[in-house]
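S.K.: Below is the file input13.cif, which contains mmCIF, C-alpha atoms.
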data_protein
loop_
_atom_site.group_PDB
_atom_site.id
_atom_site.type_symbol
_atom_site.label_atom_id
_atom_site.label_comp_id
_atom_site.auth_asym_id
_atom_site.auth_seq_id
_atom_site.Cartn_x
_atom_site.Cartn_y
_atom_site.Cartn_z
ATOM 1 C CA MET A 12 129.546 192.609 66.748
ATOM 2 C CA ILE A 13 126.142 194.277 67.149
ATOM 3 C CA ALA A 14 126.462 195.785 63.660
ATOM 4 C CA ARG A 15 127.266 192.358 62.272
ATOM 5 C CA LEU A 16 124.257 190.809 64.004
ATOM 6 C CA LYS A 17 122.036 193.563 62.616
ATOM 7 C CA LEU A 18 123.350 192.877 59.120
ATOM 8 C CA LEU A 19 122.779 189.151 59.502
ATOM 9 C CA TRP A 20 119.259 189.781 60.812
ATOM 10 C CA ALA A 21 118.565 191.847 57.718
ATOM 11 C CA HIS A 22 120.054 189.475 55.146
ATOM 12 C CA GLN A 23 120.345 185.969 56.629
ATOM 13 C CA ARG A 24 117.465 185.872 59.064
ATOM 14 C CA GLY A 25 116.618 182.198 58.483
ATOM 15 C CA VAL A 26 120.136 180.943 59.073
ATOM 16 C CA LEU A 27 120.573 183.193 62.103
ATOM 17 C CA ILE A 28 117.371 181.831 63.667
ATOM 18 C CA ALA A 29 118.505 178.262 62.896
ATOM 19 C CA PHE A 30 121.856 179.044 64.528
ATOM 20 C CA LEU A 31 120.160 180.310 67.704
ATOM 21 C CA CYS A 32 117.874 177.254 67.736
ATOM 22 C CA VAL A 33 120.788 174.789 67.613
ATOM 23 C CA ILE A 34 122.549 176.749 70.377
ATOM 24 C CA GLY A 35 119.347 176.286 72.399
ATOM 25 C CA ALA A 36 119.235 172.565 71.550
ATOM 26 C CA GLY A 37 122.903 172.275 72.581
ATOM 27 C CA ALA A 38 122.162 173.888 75.959
ATOM 28 C CA PHE A 39 119.149 171.573 76.437
ATOM 29 C CA PHE A 40 121.083 168.371 75.664
ATOM 30 C CA GLY A 41 124.113 169.591 77.646
ATOM 31 C CA ALA A 42 121.960 170.125 80.744
ATOM 32 C CA ARG A 43 120.268 166.740 80.276
ATOM 33 C CA THR A 44 123.646 165.011 79.888
ATOM 34 C CA ILE A 45 124.784 166.454 83.214
ATOM 35 C CA SER A 46 121.530 165.652 85.026
ATOM 36 C CA SER A 47 121.370 162.069 83.725
ATOM 37 C CA THR A 48 125.020 161.518 84.699
ATOM 38 C CA ILE A 49 124.320 162.744 88.230
ATOM 39 C CA TYR A 50 121.248 160.493 88.402
ATOM 40 C CA TRP A 51 123.306 157.558 87.150
ATOM 41 C CA MET A 52 126.060 158.112 89.725
ATOM 42 C CA ASP A 53 123.584 157.859 92.621
ATOM 43 C CA PRO A 54 123.765 154.319 94.044
ATOM 44 C CA ALA A 55 120.054 154.512 94.964
ATOM 45 C CA HIS A 56 119.241 154.298 91.258
ATOM 46 C CA GLN A 57 121.232 151.168 90.519
ATOM 47 C CA ASP A 58 118.193 148.864 90.228
ATOM 48 C CA GLN A 59 116.645 149.745 86.908
ATOM 49 C CA ASP A 60 112.953 148.997 86.456
ATOM 50 C CA LEU A 61 112.211 145.736 84.698
ATOM 51 C CA ALA A 62 111.447 146.007 81.009
ATOM 52 C CA PRO A 63 109.879 143.432 78.658
ATOM 53 C CA TRP A 64 113.160 143.061 76.718
ATOM 54 C CA MET A 65 115.257 141.935 79.694
ATOM 55 C CA THR A 66 116.429 138.346 80.020
ATOM 56 C CA PRO A 67 116.883 136.398 83.279
ATOM 57 C CA ARG A 68 120.670 136.584 82.993
ATOM 58 C CA TYR A 69 120.457 140.311 82.318
ATOM 59 C CA ILE A 70 118.298 140.863 85.426
ATOM 60 C CA ALA A 71 120.633 138.681 87.482
ATOM 61 C CA ARG A 72 123.492 140.961 86.499
ATOM 62 C CA SER A 73 121.612 144.224 86.864
ATOM 63 C CA TYR A 74 120.162 143.328 90.295
ATOM 64 C CA LYS A 75 123.313 141.414 91.292
ATOM 65 C CA LEU A 76 121.354 138.303 92.253
ATOM 66 C CA PRO A 77 122.556 134.680 91.952
ATOM 67 C CA PRO A 78 120.558 132.412 89.584
ATOM 68 C CA GLU A 79 119.181 130.320 92.465
ATOM 69 C CA VAL A 80 117.504 133.440 93.899
ATOM 70 C CA LEU A 81 116.260 134.900 90.630
ATOM 71 C CA GLY A 82 115.219 131.616 88.988
ATOM 72 C CA PRO A 83 112.272 130.797 91.282
ATOM 73 C CA ALA A 84 111.086 134.431 91.163
ATOM 74 C CA LEU A 85 110.805 134.095 87.378
ATOM 75 C CA PHE A 86 109.228 130.603 87.489
ATOM 76 C CA LEU A 87 112.390 129.056 85.995
ATOM 77 C CA LYS A 88 113.255 125.450 86.804
ATOM 78 C CA VAL A 89 116.463 125.287 88.849
ATOM 79 C CA ASP A 90 118.055 122.529 86.746
ATOM 80 C CA ALA A 91 116.993 123.964 83.370
ATOM 81 C CA PRO A 92 119.894 125.047 81.109
ATOM 82 C CA PRO A 93 120.198 128.833 80.769
ATOM 83 C CA ARG A 94 118.480 130.177 77.668
ATOM 84 C CA ARG A 95 117.811 133.564 76.133
ATOM 85 C CA VAL A 96 114.196 134.394 76.865
ATOM 86 C CA SER A 97 112.638 137.814 77.269
ATOM 87 C CA LEU A 98 110.651 138.764 80.336
ATOM 88 C CA GLU A 99 107.752 139.494 78.023
ATOM 89 C CA ASN A 100 107.685 135.822 76.969
ATOM 90 C CA ILE A 101 108.010 134.608 80.560
ATOM 91 C CA ALA A 102 104.997 136.766 81.450
ATOM 92 C CA VAL A 103 102.980 135.338 78.555
ATOM 93 C CA GLU A 104 104.030 131.723 79.234
ATOM 94 C CA THR A 105 103.253 131.898 82.945
ATOM 95 C CA GLY A 106 100.184 134.106 82.631
ATOM 96 C CA VAL A 107 101.331 136.843 85.029
ATOM 97 C CA THR A 108 101.702 140.578 84.472
ATOM 98 C CA MET A 109 104.971 142.518 84.306
ATOM 99 C CA GLU A 110 104.031 144.246 87.581
ATOM 100 C CA GLU A 111 103.667 140.864 89.241
ATOM 101 C CA LEU A 112 107.110 139.823 87.980
ATOM 102 C CA GLN A 113 108.597 143.114 89.221
ATOM 103 C CA ARG A 114 107.049 142.507 92.661
ATOM 104 C CA ARG A 115 108.367 138.925 92.817
ATOM 105 C CA ILE A 116 111.892 140.018 91.893
ATOM 106 C CA ASP A 117 111.868 142.968 94.303
ATOM 107 C CA GLU A 118 110.794 140.624 97.113
ATOM 108 C CA ALA A 119 113.428 138.007 96.243
ATOM 109 C CA ALA A 120 116.111 140.724 96.005
ATOM 110 C CA ALA A 121 115.095 142.309 99.338
ATOM 111 C CA LEU A 122 115.158 138.936 101.096
ATOM 112 C CA TRP A 123 118.512 137.909 99.635
ATOM 113 C CA ARG A 124 120.127 141.292 100.344
ATOM 114 C CA ALA A 125 118.845 141.246 103.924
ATOM 115 C CA GLU A 126 120.492 137.863 104.420
ATOM 116 C CA HIS A 127 123.779 138.894 102.850
ATOM 117 C CA THR A 128 124.425 142.381 104.194
ATOM 118 C CA GLN A 129 125.547 141.252 107.655
ATOM 119 C CA MET B 6 109.924 151.812 69.658
ATOM 120 C CA SER B 7 113.156 151.068 71.529
ATOM 121 C CA GLU B 8 111.372 148.615 73.852
ATOM 122 C CA LEU B 9 110.001 146.777 70.825
ATOM 123 C CA VAL B 10 113.402 146.568 69.102
ATOM 124 C CA LEU B 11 115.100 145.408 72.313
ATOM 125 C CA SER B 12 112.460 142.701 72.766
ATOM 126 C CA LEU B 13 113.119 141.580 69.200
ATOM 127 C CA VAL B 14 116.839 141.251 69.992
ATOM 128 C CA ALA B 15 116.103 139.291 73.168
ATOM 129 C CA ASN B 16 113.850 136.930 71.189
ATOM 130 C CA TYR B 17 115.635 136.620 67.846
ATOM 131 C CA GLY B 18 119.249 137.603 68.538
ATOM 132 C CA VAL B 19 121.900 139.092 66.258
ATOM 133 C CA PRO B 20 119.977 139.178 62.917
ATOM 134 C CA ILE B 21 117.961 142.020 64.476
ATOM 135 C CA VAL B 22 121.223 143.864 65.279
ATOM 136 C CA PHE B 23 122.198 143.610 61.612
ATOM 137 C CA CYS B 24 118.816 144.829 60.331
ATOM 138 C CA VAL B 25 118.592 147.783 62.719
ATOM 139 C CA THR B 26 122.112 149.139 62.095
ATOM 140 C CA PHE B 27 121.495 148.721 58.356
ATOM 141 C CA LEU B 28 118.226 150.690 58.471
ATOM 142 C CA SER B 29 119.655 153.399 60.739
ATOM 143 C CA CYS B 30 122.345 154.175 58.126
ATOM 144 C CA LEU B 31 119.547 154.942 55.642
ATOM 145 C CA ALA B 32 118.077 157.625 57.972
ATOM 146 C CA LEU B 33 115.193 155.439 59.130
ATOM 147 C CA PRO B 34 114.206 156.323 62.690
ATOM 148 C CA VAL B 35 115.273 153.093 64.418
ATOM 149 C CA PRO B 36 116.893 153.136 67.884
ATOM 150 C CA SER B 37 120.320 151.833 66.871
ATOM 151 C CA SER B 38 122.298 153.325 69.780
ATOM 152 C CA ILE B 39 120.323 151.710 72.613
ATOM 153 C CA LEU B 40 120.156 148.516 70.562
ATOM 154 C CA MET B 41 123.954 148.291 70.362
ATOM 155 C CA LEU B 42 124.294 149.116 74.063
ATOM 156 C CA ALA B 43 121.787 146.405 74.986
ATOM 157 C CA SER B 44 123.428 143.872 72.660
ATOM 158 C CA GLY B 45 126.746 144.634 74.365
ATOM 159 C CA GLY B 46 124.961 144.046 77.683
ATOM 160 C CA PHE B 47 123.551 140.728 76.438
ATOM 161 C CA ALA B 48 127.083 139.762 75.348
ATOM 162 C CA ALA B 49 128.338 140.511 78.867
ATOM 163 C CA THR B 50 125.666 138.287 80.457
ATOM 164 C CA GLY B 51 126.217 135.451 77.968
ATOM 165 C CA ASP B 52 122.867 135.787 76.193
ATOM 166 C CA LEU B 53 124.592 136.695 72.915
ATOM 167 C CA SER B 54 128.079 136.136 71.559
ATOM 168 C CA LEU B 55 130.243 139.274 71.604
ATOM 169 C CA VAL B 56 131.914 138.441 68.282
ATOM 170 C CA ALA B 57 128.536 137.819 66.621
ATOM 171 C CA VAL B 58 127.144 141.139 67.938
ATOM 172 C CA LEU B 59 130.191 143.102 66.742
ATOM 173 C CA THR B 60 130.151 141.423 63.325
ATOM 174 C CA ALA B 61 126.407 141.901 62.793
ATOM 175 C CA ALA B 62 126.452 145.564 63.845
ATOM 176 C CA PHE B 63 129.535 146.348 61.764
ATOM 177 C CA THR B 64 128.405 144.621 58.554
ATOM 178 C CA GLY B 65 124.887 146.076 58.892
ATOM 179 C CA ALA B 66 126.319 149.588 59.274
ATOM 180 C CA VAL B 67 128.825 149.311 56.421
ATOM 181 C CA ILE B 68 126.288 147.817 53.997
ATOM 182 C CA GLY B 69 123.759 150.476 55.088
ATOM 183 C CA ASP B 70 126.244 153.336 54.515
ATOM 184 C CA ASN B 71 127.126 152.084 51.052
ATOM 185 C CA SER B 72 123.495 151.492 50.091
ATOM 186 C CA GLY B 73 122.713 155.093 51.077
ATOM 187 C CA TYR B 74 125.660 156.304 49.035
ATOM 188 C CA TRP B 75 124.644 154.412 45.884
ATOM 189 C CA ILE B 76 120.952 155.303 46.169
ATOM 190 C CA ALA B 77 121.894 158.999 46.353
ATOM 191 C CA ARG B 78 124.475 158.675 43.601
ATOM 192 C CA ALA B 79 121.957 157.076 41.246
ATOM 193 C CA SER B 80 119.305 159.718 41.985
ATOM 194 C CA GLY B 81 121.930 162.456 41.584
ATOM 195 C CA GLU B 82 122.736 161.185 38.104
ATOM 196 C CA ARG B 83 119.071 161.052 37.192
ATOM 197 C CA MET B 84 118.508 164.600 38.459
ATOM 198 C CA ARG B 85 121.562 166.045 36.716
ATOM 199 C CA GLY B 86 119.579 167.693 33.916
ATOM 200 C CA TRP B 87 117.191 169.322 36.392
ATOM 201 C CA LEU B 88 120.060 170.479 38.604
ATOM 202 C CA GLU B 89 122.032 172.063 35.793
ATOM 203 C CA LYS B 90 119.063 173.884 34.278
ATOM 204 C CA ASP B 91 118.934 176.423 37.084
ATOM 205 C CA PRO B 92 122.193 178.342 37.793
ATOM 206 C CA LYS B 93 121.368 178.587 41.528
ATOM 207 C CA ARG B 94 120.939 174.811 41.883
ATOM 208 C CA ALA B 95 124.058 174.156 39.790
ATOM 209 C CA ALA B 96 126.073 176.523 41.990
ATOM 210 C CA LEU B 97 124.821 174.831 45.151
ATOM 211 C CA ARG B 98 125.815 171.452 43.795
ATOM 212 C CA GLN B 99 129.247 172.751 42.768
ATOM 213 C CA LYS B 100 129.737 174.264 46.203
ATOM 214 C CA SER B 101 128.836 171.012 47.952
ATOM 215 C CA GLU B 102 131.126 169.083 45.632
ATOM 216 C CA ALA B 103 134.005 171.421 46.493
ATOM 217 C CA PHE B 104 133.209 171.059 50.192
ATOM 218 C CA MET B 105 133.155 167.261 49.993
ATOM 219 C CA ASP B 106 136.399 167.289 48.018
ATOM 220 C CA LYS B 107 138.081 169.176 50.843
ATOM 221 C CA TRP B 108 136.324 167.791 53.918
ATOM 222 C CA GLY B 109 134.607 164.636 52.649
ATOM 223 C CA GLY B 110 136.861 162.090 54.350
ATOM 224 C CA SER B 111 136.652 163.587 57.835
ATOM 225 C CA SER B 112 132.906 164.327 57.413
ATOM 226 C CA VAL B 113 132.228 160.685 56.624
ATOM 227 C CA PHE B 114 134.452 159.445 59.460
ATOM 228 C CA PHE B 115 133.058 161.670 62.228
ATOM 229 C CA SER B 116 129.434 161.412 61.086
ATOM 230 C CA CYS B 117 129.632 157.648 61.646
ATOM 231 C CA TRP B 118 130.092 157.997 65.381
ATOM 232 C CA LEU B 119 130.823 161.422 66.905
ATOM 233 C CA VAL B 120 127.865 163.217 65.302
ATOM 234 C CA ALA B 121 126.030 159.996 64.488
ATOM 235 C CA PRO B 122 122.577 161.598 63.959
ATOM 236 C CA LEU B 123 124.052 163.261 60.837
ATOM 237 C CA GLY B 124 125.576 160.017 59.517
ATOM 238 C CA PRO B 125 122.864 158.904 57.049
ATOM 239 C CA TYR B 126 122.614 162.402 55.555
ATOM 240 C CA VAL B 127 126.385 162.573 55.004
ATOM 241 C CA ASN B 128 126.092 159.227 53.163
ATOM 242 C CA TYR B 129 123.409 160.710 50.904
ATOM 243 C CA VAL B 130 125.377 163.935 50.302
ATOM 244 C CA SER B 131 128.504 161.889 49.482
ATOM 245 C CA GLY B 132 126.657 159.877 46.855
ATOM 246 C CA PHE B 133 124.808 162.889 45.497
ATOM 247 C CA THR B 134 127.994 164.907 45.005
ATOM 248 C CA ARG B 135 129.792 161.920 43.415
ATOM 249 C CA PHE B 136 132.417 161.853 46.184
ATOM 250 C CA THR B 137 135.029 159.168 45.341
ATOM 251 C CA TRP B 138 133.500 155.852 46.386
ATOM 252 C CA LEU B 139 136.764 154.284 47.595
ATOM 253 C CA ARG B 140 137.475 157.231 49.910
ATOM 254 C CA PHE B 141 133.884 157.131 51.153
ATOM 255 C CA ALA B 142 134.004 153.385 51.809
ATOM 256 C CA LEU B 143 137.358 153.417 53.615
ATOM 257 C CA TRP B 144 136.541 156.403 55.856
ATOM 258 C CA GLY B 145 133.120 154.859 56.493
ATOM 259 C CA ILE B 146 134.636 151.537 57.549
ATOM 260 C CA ALA B 147 137.035 153.343 59.903
ATOM 261 C CA GLY B 148 134.133 155.332 61.385
ATOM 262 C CA GLU B 149 131.888 152.293 61.841
ATOM 263 C CA VAL B 150 134.699 150.408 63.613
ATOM 264 C CA VAL B 151 134.762 153.242 66.168
ATOM 265 C CA TRP B 152 130.929 153.504 66.386
ATOM 266 C CA VAL B 153 130.322 149.782 66.845
ATOM 267 C CA SER B 154 133.186 149.124 69.259
ATOM 268 C CA LEU B 155 132.331 152.242 71.275
ATOM 269 C CA TYR B 156 128.632 151.466 71.755
ATOM 270 C CA VAL B 157 128.866 147.676 72.054
ATOM 271 C CA GLY B 158 131.930 148.115 74.311
ATOM 272 C CA LEU B 159 130.116 150.567 76.601
ATOM 273 C CA GLY B 160 127.094 148.256 76.737
ATOM 274 C CA TYR B 161 129.383 145.358 77.628
ATOM 275 C CA THR B 162 131.167 147.367 80.329
ATOM 276 C CA PHE B 163 128.084 149.007 81.859
ATOM 277 C CA ALA B 164 125.731 146.053 81.371
ATOM 278 C CA ASP B 165 124.314 146.601 84.897
ATOM 279 C CA ASN B 166 122.241 149.528 83.787
ATOM 280 C CA ILE B 167 121.701 149.871 80.060
ATOM 281 C CA THR B 168 118.757 152.246 80.486
ATOM 282 C CA LEU B 169 120.881 154.855 82.235
ATOM 283 C CA ILE B 170 123.965 154.592 80.030
ATOM 284 C CA ALA B 171 121.625 154.932 77.035
ATOM 285 C CA SER B 172 120.099 158.113 78.430
ATOM 286 C CA VAL B 173 123.525 159.643 79.211
ATOM 287 C CA LEU B 174 124.927 158.761 75.784
ATOM 288 C CA GLY B 175 121.775 159.816 73.911
ATOM 289 C CA ASN B 176 121.888 163.264 75.498
ATOM 290 C CA ALA B 177 125.659 163.589 75.039
ATOM 291 C CA SER B 178 125.308 162.683 71.372
ATOM 292 C CA GLY B 179 122.540 165.287 70.937
ATOM 293 C CA PHE B 180 124.745 167.874 72.649
ATOM 294 C CA ILE B 181 127.787 167.176 70.446
ATOM 295 C CA THR B 182 125.675 167.162 67.284
ATOM 296 C CA ALA B 183 123.994 170.479 68.172
ATOM 297 C CA ILE B 184 127.369 172.077 68.960
ATOM 298 C CA GLY B 185 128.793 170.708 65.687
ATOM 299 C CA ILE B 186 125.928 172.187 63.643
ATOM 300 C CA ALA B 187 126.196 175.471 65.592
ATOM 301 C CA ILE B 188 129.914 175.740 64.765
ATOM 302 C CA GLY B 189 129.222 175.019 61.083
ATOM 303 C CA LEU B 190 126.397 177.586 60.880
ATOM 304 C CA GLY B 191 128.452 180.079 62.918
ATOM 305 C CA ILE B 192 131.368 179.893 60.498
ATOM 306 C CA TRP B 193 128.979 180.241 57.568
ATOM 307 C CA LEU B 194 127.259 183.292 59.106
ATOM 308 C CA TRP B 195 130.585 184.908 59.984
ATOM 309 C CA LYS B 196 131.944 184.470 56.477
ATOM 310 C CA SER B 197 128.765 185.585 54.755
ATOM 311 C CA SER B 198 128.534 188.740 56.857
ATOM 312 C CA LYS B 199 132.141 189.721 56.186
ATOM 313 C CA PRO B 200 131.813 191.009 52.600
ATOM 314 C CA ARG B 201 128.850 193.137 53.650
ATOM 315 C CA MET B 202 130.733 194.495 56.676
ATOM 316 C CA ASP B 203 133.616 195.478 54.404
ATOM 317 C CA LYS B 204 131.214 197.320 52.134
ATOM 318 C CA THR B 205 129.595 199.220 55.007
ATOM 319 C CA PRO B 206 131.985 201.857 56.399
ATOM 320 C CA GLU B 207 131.814 202.145 60.198
ATOM 321 C CA ARG B 208 132.021 205.934 60.163
ATOM 322 C CA PRO B 209 131.981 208.425 57.312
ATOM 323 C CA HIS B 210 135.339 209.686 56.030
ATOM 324 C CA ILE B 211 135.690 213.404 56.287
#
Kindly transcribe the structure held in the file into structure tokens.
M.R.:
Amino acid sequence: MIARLKLLWAHQRGVLIAFLCVIGAGAFFGARTISSTIYWMDPAHQDQDLAPWMTPRYIARSYKLPPEVLGPALFLKVDAPPRRVSLENIAVETGVTMEELQRRIDEAAALWRAEHTQ
Amino acid sequence: MSELVLSLVANYGVPIVFCVTFLSCLALPVPSSILMLASGGFAATGDLSLVAVLTAAFTGAVIGDNSGYWIARASGERMRGWLEKDPKRAALRQKSEAFMDKWGGSSVFFSCWLVAPLGPYVNYVSGFTRFTWLRFALWGIAGEVVWVSLYVGLGYTFADNITLIASVLGNASGFITAIGIAIGLGIWLWKSSKPRMDKTPERPHI
């Protein structure tokens, strides 16, 4: 084995280095797969941070909130028909920042969960 | 980049899904995996239609694969004179043609989904080596069915947290691709060192 490695180092150095690099990349991605799975399994990480691409219905599902709780937090009219609109556009239309929207939803979620955990 | 593409999907819907899967099959660096997961999530919440998402992603991917194939095939034909002038280049091309003849079908199939980062390059190699188009197209369609249903299906199922499923899958895909390349290079190194080992006696004969 050692003799073979020595031969390869002498004649195929480039490929051997590439081989070791992909082994390293494999170990890196393998470790990250395991760590992100563990992170994902933890119930404390179930609420993902809001992102500009999310829609009200998506947030309702992710945060497990009914529309009547989420709607007012996102300045949506209660009787308006559901439509696909990104959070980014809601922020622009209503003139608030993403942080402000995150705070409003966190507050609405905390209040609703406090009422419904008993 | 992924945030921008996801916002585009939220604002404009399935045409974006089509465009992104199309471009990703031509090796352009667009975030197609997280896009399909998020579109599956949007289908689960009712923001997009599941059938429309599946159709757009599938047709985008298949048209993208075949465009890559024909672009490479046309440039391969144009470069034929240049390739055949040098014996080293001609040998490399012959070798890759022989490889594709033997392994082409499974390479195309698995590079669509299991080692997806390699997918666009396999399309180019297939076209360049004049791999039979019908075989390429049929294996490609089979592979894209798996890729699209896997990613959109996982997005639909785990719609609660697309960000996390995307990070798990992205890392897993990197892991599988790296291991796949390592196995390929390992076999190549092993084979190429063998003739030399045979020539080098371990100990002198007395």
S.K.: Residues of chain B near chain A: apply a cut-off of 8 Å, count all atoms listed in the file, and supply the list as a CSV table (one decimal) with C-alpha atoms, keeping the file's coordinate frame.
M.R.:
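Generated file (iface.csv):
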chain,number,residue,atom,x,y,z
B,8,GLU,CA,111.4,148.6,73.9
B,9,LEU,CA,110.0,146.8,70.8
B,11,LEU,CA,115.1,145.4,72.3
B,12,SER,CA,112.5,142.7,72.8
B,13,LEU,CA,113.1,141.6,69.2
B,14,VAL,CA,116.8,141.3,70.0
B,15,ALA,CA,116.1,139.3,73.2
B,16,ASN,CA,113.8,136.9,71.2
B,46,GLY,CA,125.0,144.0,77.7
B,47,PHE,CA,123.6,140.7,76.4
B,50,THR,CA,125.7,138.3,80.5
B,51,GLY,CA,126.2,135.5,78.0
B,52,ASP,CA,122.9,135.8,76.2
B,164,ALA,CA,125.7,146.1,81.4
B,165,ASP,CA,124.3,146.6,84.9
B,166,ASN,CA,122.2,149.5,83.8
B,168,THR,CA,118.8,152.2,80.5
B,169,LEU,CA,120.9,154.9,82.2
B,170,ILE,CA,124.0,154.6,80.0
B,172,SER,CA,120.1,158.1,78.4
B,173,VAL,CA,123.5,159.6,79.2
B,174,LEU,CA,124.9,158.8,75.8
B,176,ASN,CA,121.9,163.3,75.5
B,177,ALA,CA,125.7,163.6,75.0
B,179,GLY,CA,122.5,165.3,70.9
B,180,PHE,CA,124.7,167.9,72.6
B,181,ILE,CA,127.8,167.2,70.4
B,182,THR,CA,125.7,167.2,67.3
B,183,ALA,CA,124.0,170.5,68.2
B,184,ILE,CA,127.4,172.1,69.0
B,186,ILE,CA,125.9,172.2,63.6
B,187,ALA,CA,126.2,175.5,65.6
B,190,LEU,CA,126.4,177.6,60.9
B,191,GLY,CA,128.5,180.1,62.9
B,194,LEU,CA,127.3,183.3,59.1
B,198,SER,CA,128.5,188.7,56.9
B,201,ARG,CA,128.8,193.1,53.6
B,202,MET,CA,130.7,194.5,56.7
S.K.: Between CA of Ser37 (chain B) and CA of Ile68 (chain B), what distance in Å does the model show, to one decimal?
M.R.: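 These atoms are spaced 14.7 Å apart.
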S.K.: CA of Tyr17 (chain B) to CA of Ala48 (chain B): how many Å, to one decimal?
M.R.: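 According to the coordinates, CA of Tyr17 (chain B) and CA of Ala48 (chain B) are separated by 14.0 Å.
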S.K.: Would you mind listing what lies within 8 Å of Trp118 (chain B) as a list in words, with all atoms listed in the file counted and same-chain residues fewer than 2 positions away left out?
M.R.: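 Non-adjacent residues within range: Phe114, Phe115, Ser116, Val120, Ala121, Gly124, Gly148, Glu149, Val151 and Trp152 of chain B.
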S.K.: Store the residues picked out above, limited to C-alpha atoms, as a PDB file, in the coordinates of the input.
M.R.:
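selection25.pdb written:
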ATOM      1  CA  PHE B 114     134.452 159.445  59.460  1.00  0.00           C
ATOM      2  CA  PHE B 115     133.058 161.670  62.228  1.00  0.00           C
ATOM      3  CA  SER B 116     129.434 161.412  61.086  1.00  0.00           C
ATOM      4  CA  VAL B 120     127.865 163.217  65.302  1.00  0.00           C
ATOM      5  CA  ALA B 121     126.030 159.996  64.488  1.00  0.00           C
ATOM      6  CA  GLY B 124     125.576 160.017  59.517  1.00  0.00           C
ATOM      7  CA  GLY B 148     134.133 155.332  61.385  1.00  0.00           C
ATOM      8  CA  GLU B 149     131.888 152.293  61.841  1.00  0.00           C
ATOM      9  CA  VAL B 151     134.762 153.242  66.168  1.00  0.00           C
ATOM     10  CA  TRP B 152     130.929 153.504  66.386  1.00  0.00           C
TER      11      TRP B 152
END
S.K.: Given only C-alpha atoms as the basis, pick out the residue of A:Ile28, A:Leu61, A:Ala91, A:Val80 nearest to Glu110 (chain A).
M.R.: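 The shortest atom-to-atom distance to Glu110 (chain A) comes from A:Leu61.
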S.K.: How about completing region 177-188 of chain B with N, CA and C atoms and giving it to me as a CSV table (one decimal), in the frame of the given file?
M.R.:
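Final output, saved to rebuild_11.csv:
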chain,number,residue,atom,x,y,z
B,177,ALA,N,124.3,163.1,75.4
B,177,ALA,CA,125.7,163.6,75.0
B,177,ALA,C,125.8,163.7,73.5
B,178,SER,N,125.2,162.7,72.8
B,178,SER,CA,125.3,162.7,71.4
B,178,SER,C,124.5,163.9,70.8
B,179,GLY,N,123.3,164.1,71.4
B,179,GLY,CA,122.5,165.3,70.9
B,179,GLY,C,123.3,166.6,71.2
B,180,PHE,N,124.0,166.7,72.3
B,180,PHE,CA,124.7,167.9,72.6
B,180,PHE,C,125.9,168.1,71.6
B,181,ILE,N,126.6,167.0,71.4
B,181,ILE,CA,127.8,167.2,70.4
B,181,ILE,C,127.3,167.5,69.0
B,182,THR,N,126.2,166.9,68.6
B,182,THR,CA,125.7,167.2,67.3
B,182,THR,C,125.2,168.6,67.2
B,183,ALA,N,124.5,169.1,68.2
B,183,ALA,CA,124.0,170.5,68.2
B,183,ALA,C,125.2,171.4,68.1
B,184,ILE,N,126.2,171.2,68.9
B,184,ILE,CA,127.4,172.1,69.0
B,184,ILE,C,128.1,172.0,67.6
B,185,GLY,N,128.2,170.8,67.0
B,185,GLY,CA,128.8,170.7,65.7
B,185,GLY,C,128.1,171.5,64.6
B,186,ILE,N,126.7,171.4,64.6
B,186,ILE,CA,125.9,172.2,63.6
B,186,ILE,C,126.1,173.7,63.9
B,187,ALA,N,126.1,174.1,65.2
B,187,ALA,CA,126.2,175.5,65.6
B,187,ALA,C,127.5,176.0,65.1
B,188,ILE,N,128.6,175.3,65.2
B,188,ILE,CA,129.9,175.7,64.8
B,188,ILE,C,129.9,175.9,63.2
